[in-house]
Amino acid sequence: MTIYKISYCTNSRLLEKSAQILRECALTLTSLLKVYSDIKRDSIFDHVRRQDLLTAMFSYSIAGLDSVLKQALRDSLMHISQQKLEYESGTDCIQSREEFIKITSQLDVSIEMIVDDIPRLDKIFAHQNKILQETDLTFEGSQVINNHSKEEIINAINYLIEIAENFLKEIDRRLKVAA
């Protein structure tokens with residue numbers, strides 16, 4: 001399994017930062033997948049390390065999507081709308097379809113325009129929230145050991161990267177039309 005290969009190259013200077021965030025996110029995830037593959041499978045410690053790495057990769061991919069959306073919003077909002085719309089970036093990463101829609105709708109991009117499987121996106125957000133709960137330490141100091149499927153995590157990561165790329169393509173198309 002590999003990380004999604006980004007084919008998108010922006011035509012708009014306004015989206016250069018967003019496109020760079022997306023490329024760097026994919027490169028980092030590719031590097032982390034290599035580290036995952038290099039970890040031996042000899043002990044429970046190795047299993048825990050591999051599971052922790054999958055969890056980190058999954059969380060990083062959602063943070064990457066969040067960063068791409070918010071950067072594109074910041075950089076193109078004034079150009080597309082010709083007026084200052086209210087936007088609160090918040091420090092939290094998106095955790096639901098509703099938060100996703102709140103960001104994309106600021107640029108009048110409907111979820112259906114960039115996501116071809118909304119239930120799949122909902123499942124990814126539910127999985128993210130489950131991981132966040134699992135990583136919380138108990139009062140005794142022990143941590144839940146995750147047993148995530150590598151294939152499931154990589155598929156989710158690739159889907160999130162594809163959604164970010166679709167969003168940038170749509171905004172880029174709109175900027176070209178507006179020019």
# chains A, B, ... in the order shown; residues from 1 in each chain; ligands from 1
>>> residues_around(residues="range 68-79 of chain A", least_positions_apart="5", cutoff="8 Å", atoms="only C-alpha atoms", output="list in words")
Leu14, Leu15, Lys17, Ser18, Ala19, Ile21, Leu22, Lys84, Leu85, Ser89, Ile103, Thr104, Gln106, Leu107, Ala164, Phe167, Leu168 and Leu175 of chain A
>>> closest_residue(among="A:Asp108, A:Asp42, A:Asp116, A:Asp122", to="Arg174 in chain A", atoms="only C-alpha atoms")
A:Asp108
>>> closest_residue(among="A:Glu165, A:Asp66, A:Asp38, A:Asp46", to="Asp92 in chain A", atoms="only C-alpha atoms")
A:Asp66
>>> closest_residue(among="A:Asn166, A:Asn129, A:Ser43, A:Asn155", to="Met1 in chain A", atoms="only C-alpha atoms")
A:Asn155
>>> residues_around(residues="Arg120 in chain A", least_positions_apart="5", cutoff="9 Å", atoms="only C-alpha atoms", output="ChimeraX atom specification")
/A:125,156,159
>>> write_last_selection(atoms="N, CA and C atoms", output="mmCIF file, in the first residue's frame")
data_model
loop_
_atom_site.group_PDB
_atom_site.id
_atom_site.type_symbol
_atom_site.label_atom_id
_atom_site.label_comp_id
_atom_site.auth_asym_id
_atom_site.auth_seq_id
_atom_site.Cartn_x
_atom_site.Cartn_y
_atom_site.Cartn_z
ATOM 1 N N PHE A 125 -14.531 10.358 10.430
ATOM 2 C CA PHE A 125 -14.619 11.254 11.584
ATOM 3 C C PHE A 125 -14.967 10.473 12.860
ATOM 4 N N ALA A 156 -8.206 5.339 4.537
ATOM 5 C CA ALA A 156 -8.793 6.580 5.082
ATOM 6 C C ALA A 156 -7.884 7.765 4.807
ATOM 7 N N TYR A 159 -8.110 8.750 1.215
ATOM 8 C CA TYR A 159 -9.382 9.409 0.919
ATOM 9 C C TYR A 159 -9.360 10.862 1.390
#
>>> select_by_dssp(residues="chain A", states="alpha helix (DSSP H)", output="ChimeraX atom specification")
/A:16-38,44-81,97-105,111-114,118-134,150-178
>>> residues_around(residues="Ile153 in chain A", least_positions_apart="4", cutoff="7 Å", atoms="only C-alpha atoms", output="ChimeraX atom specification")
/A:54,58,149,157
>>> residues_around(residues="Arg50 in chain A", least_positions_apart="2", cutoff="9 Å", atoms="only C-alpha atoms", output="list in words")
Val35, Tyr36, Ser37, Ile39, Lys40, Arg41, Phe45, Asp46, His47, Val48, Asp52, Leu53, Leu54 and Thr55 of chain A
>>> residues_around(residues="Cys93 in chain A", least_positions_apart="4", cutoff="10 Å", atoms="only C-alpha atoms", output="ChimeraX atom specification")
/A:59,62-67,70,89,99-100
>>> atom_distance(atom1="CA of Lys102 in chain A", atom2="CA of Ile161 in chain A")
18.8 Å
>>> closest_residue(among="A:Glu112, A:Glu16, A:Glu151, A:Asp117", to="Leu33 in chain A", atoms="only C-alpha atoms")
A:Glu151
>>> atom_distance(atom1="CA of Val109 in chain A", atom2="CA of Glu170 in chain A")
7.9 Å
